[in-house]
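S.K.: Sharing a structure below in C-alpha cells format, with a few things to ask.
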Amino acid sequence: AQSVTQLGSHVSVSEGALVLLRCNYSSSVPPYLFWYVQYPNQGLQLLLKYTSAATLVKGINGFEAEFKKSETSFHLTKPSAHMSDAAEYFCAVSEGGNNRLAFGKGNQVVVIP
Amino acid sequence: NAGVTQTPKFQVLKTGQSMTLQCAQDMNHEYMSWYRQDPGMGLRLIHYSVGAGITDQGEVPNGYNVSRSTTEDFPLRLLSAAPSQTSVYFCASSSPGQVYGYTFGSGTRLTVV
C-alpha cells in the first residue's frame, strides 16, 4: 500500500534561509508524487507534482522538489524563505496515478523575521 | 469556471443527526474523492469514485455513505453523526493519471456536539 512519511510536524525557518521539507514514500508501483500547501482556513493548493517525467520538478512560488528513486524521497526546497511561505505543507503519493492519494501528516512552517 | 464547490462551509450537528455534505465540480473530471483532515493526522481518504455509478471505500469509510449518479456531483452522507466525526472535510476531483493533480474544494468544517 502507498504511504508517505513527513518528519517534524513543526518547522521553523528564518526569513531568507533555505526551506527544506523532507518526504519519503512507499509505493509498490512507480509513484506519482505531489506537494500541496494549505494556508490558514483554506483548501489545498498544488505546489508541484512528479508524474514520471523530469526528476527535478519546479513548482509555484519558487519551490522545487527532486524525485530520488534510490532513496524513495521527494524533498521540497526553496532557496530563500519569505514570510508568505508560512503555511502547512503536505506531501502525497498515488500509485501509478490511481484515484487514491495518501498524504503525509504535514509540516507546519513558521517563518521567523 | 468554479472548480470544486463544497457546501455548506460550516455545520454544527447533534449526535445522532444525519446530514449530507455536497460536492460539485464543473471540470468534467472522472475521479472524485472525499477526505477528512484532523490535527496531526494529515488528510485521510474516506470514499472515492472513478466515474458515475462507481464508488469504493478509502481508509476511513465507517459512518459515511456516498453515491455518484452524475459526473459532476459526489455527496457525502453522515448516517448518524458522532463526536468522532468532528473534522474538516475536503472534496477533490481529478482526471485519470492525475496529470494535473487533484483540485480541492475549500472544505466543510463540521462539529458534532
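Ordering of the C-alpha cells sets the chain letters (A, B, ...); residue numbers start at 1 within each chain; ligands are numbered from 1 in the order shown.
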Mind listing as a PyMOL selection string which residues of chain B are within 10 Å of chain A, counting only C-alpha atoms?

M.R.: chain B and resi 30-33+35+37-45+47-50+58-59+88-109

S.K.: With C-alpha atoms kept, could you save the residues just selected as a PDB file, in the first residue's frame?

M.R.:
```pdb
ATOM      1  CA  GLU B  30     -13.928  11.428 -13.757  1.00  0.00           C
ATOM      2  CA  TYR B  31     -12.241  10.973 -10.393  1.00  0.00           C
ATOM      3  CA  MET B  32     -13.700  12.401  -7.177  1.00  0.00           C
ATOM      4  CA  SER B  33     -12.795  11.772  -3.545  1.00  0.00           C
ATOM      5  CA  TYR B  35     -11.027  13.327   2.667  1.00  0.00           C
ATOM      6  CA  GLN B  37      -8.485  16.420   7.934  1.00  0.00           C
ATOM      7  CA  ASP B  38      -7.722  16.155  11.623  1.00  0.00           C
ATOM      8  CA  PRO B  39      -4.889  17.889  13.510  1.00  0.00           C
ATOM      9  CA  GLY B  40      -1.629  15.949  13.263  1.00  0.00           C
ATOM     10  CA  MET B  41      -3.211  13.295  11.016  1.00  0.00           C
ATOM     11  CA  GLY B  42      -2.895  14.832   7.581  1.00  0.00           C
ATOM     12  CA  LEU B  43      -5.746  14.023   5.200  1.00  0.00           C
ATOM     13  CA  ARG B  44      -7.327  10.585   5.189  1.00  0.00           C
ATOM     14  CA  LEU B  45      -9.375   9.151   2.345  1.00  0.00           C
ATOM     15  CA  HIS B  47     -14.544   7.293  -0.151  1.00  0.00           C
ATOM     16  CA  TYR B  48     -13.668   7.737  -3.774  1.00  0.00           C
ATOM     17  CA  SER B  49     -15.194   7.334  -7.223  1.00  0.00           C
ATOM     18  CA  VAL B  50     -13.657   6.686 -10.635  1.00  0.00           C
ATOM     19  CA  GLY B  58     -10.976   4.516   1.326  1.00  0.00           C
ATOM     20  CA  GLU B  59      -9.042   4.380   4.569  1.00  0.00           C
ATOM     21  CA  VAL B  88     -12.767  19.376   8.244  1.00  0.00           C
ATOM     22  CA  TYR B  89     -13.961  17.600   5.116  1.00  0.00           C
ATOM     23  CA  PHE B  90     -12.474  18.157   1.687  1.00  0.00           C
ATOM     24  CA  CYS B  91     -13.777  17.044  -1.662  1.00  0.00           C
ATOM     25  CA  ALA B  92     -11.344  16.700  -4.564  1.00  0.00           C
ATOM     26  CA  SER B  93     -11.522  15.868  -8.256  1.00  0.00           C
ATOM     27  CA  SER B  94      -9.049  14.789 -10.905  1.00  0.00           C
ATOM     28  CA  SER B  95      -8.702  13.281 -14.321  1.00  0.00           C
ATOM     29  CA  PRO B  96      -7.230   9.786 -14.826  1.00  0.00           C
ATOM     30  CA  GLY B  97      -3.468   9.727 -14.426  1.00  0.00           C
ATOM     31  CA  GLN B  98      -3.615  12.871 -12.299  1.00  0.00           C
ATOM     32  CA  VAL B  99      -1.575  14.729 -14.854  1.00  0.00           C
ATOM     33  CA  TYR B 100      -2.827  17.962 -13.365  1.00  0.00           C
ATOM     34  CA  GLY B 101      -3.053  16.757  -9.775  1.00  0.00           C
ATOM     35  CA  TYR B 102      -6.160  16.927  -7.674  1.00  0.00           C
ATOM     36  CA  THR B 103      -8.275  20.071  -7.387  1.00  0.00           C
ATOM     37  CA  PHE B 104      -9.605  20.555  -3.864  1.00  0.00           C
ATOM     38  CA  GLY B 105     -12.670  22.337  -2.620  1.00  0.00           C
ATOM     39  CA  SER B 106     -12.443  24.896   0.166  1.00  0.00           C
ATOM     40  CA  GLY B 107     -13.719  22.454   2.791  1.00  0.00           C
ATOM     41  CA  THR B 108     -16.609  21.950   5.204  1.00  0.00           C
ATOM     42  CA  ARG B 109     -15.905  22.400   8.904  1.00  0.00           C
TER      43      ARG B 109
END
```

S.K.: Set the distance at 6 Å and use only C-alpha atoms: which residues neighbour A:Thr72 once local chain neighbours fewer than 2 positions away are removed? I'd like the list as a list of chain:residue names.

M.R.: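 My reading of the contact set: A:Asn24, A:Tyr25, A:Lys68, A:Lys69, A:Ser70.
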
S.K.: Mind dumping the selected residues with C-alpha atoms as a PDB file, in the first residue's frame?

M.R.:
```pdb
ATOM      1  CA  ASN A  24       9.751   9.689   1.943  1.00  0.00           C
ATOM      2  CA  TYR A  25       7.253   7.464   0.221  1.00  0.00           C
ATOM      3  CA  LYS A  68      15.132  10.161  -5.943  1.00  0.00           C
ATOM      4  CA  LYS A  69      14.035   6.608  -6.572  1.00  0.00           C
ATOM      5  CA  SER A  70      17.031   5.046  -4.793  1.00  0.00           C
TER       6      SER A  70
END
```

S.K.: Check stretch 1-111 of chain B with DSSP on the backbone and list each residue it calls strand (DSSP E or B), as JSON, numbers by chain.

M.R.: {"B": [4, 5, 6, 7, 10, 11, 12, 13, 19, 20, 21, 22, 23, 24, 25, 31, 32, 33, 34, 35, 36, 37, 38, 42, 43, 44, 45, 46, 47, 48, 49, 50, 51, 54, 55, 56, 57, 64, 65, 66, 73, 76, 77, 78, 87, 88, 89, 90, 91, 92, 93, 94, 103, 104, 108, 109, 110, 111]}

S.K.: Enumerate the residues of chain A with a DSSP assignment of helix (DSSP H, G or I), computed from the backbone, and present them as a PyMOL selection string.

M.R.: chain A and resi 60-62+69-71+83-85

S.K.: Have a look at B:Asp73, B:Gly53, B:Asn62, B:Ser80 and name the one nearest to B:Thr5; count only C-alpha atoms.

M.R.: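 Going through B:Asp73, B:Gly53, B:Asn62, B:Ser80 one by one, the smallest distance to B:Thr5 is for B:Asp73.
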
S.K.: For atom CA of A:Glu66 and atom CA of A:Ser26, determine how far apart the two atoms are, in Å to one decimal place.

M.R.: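 It comes out at 15.8 Å.
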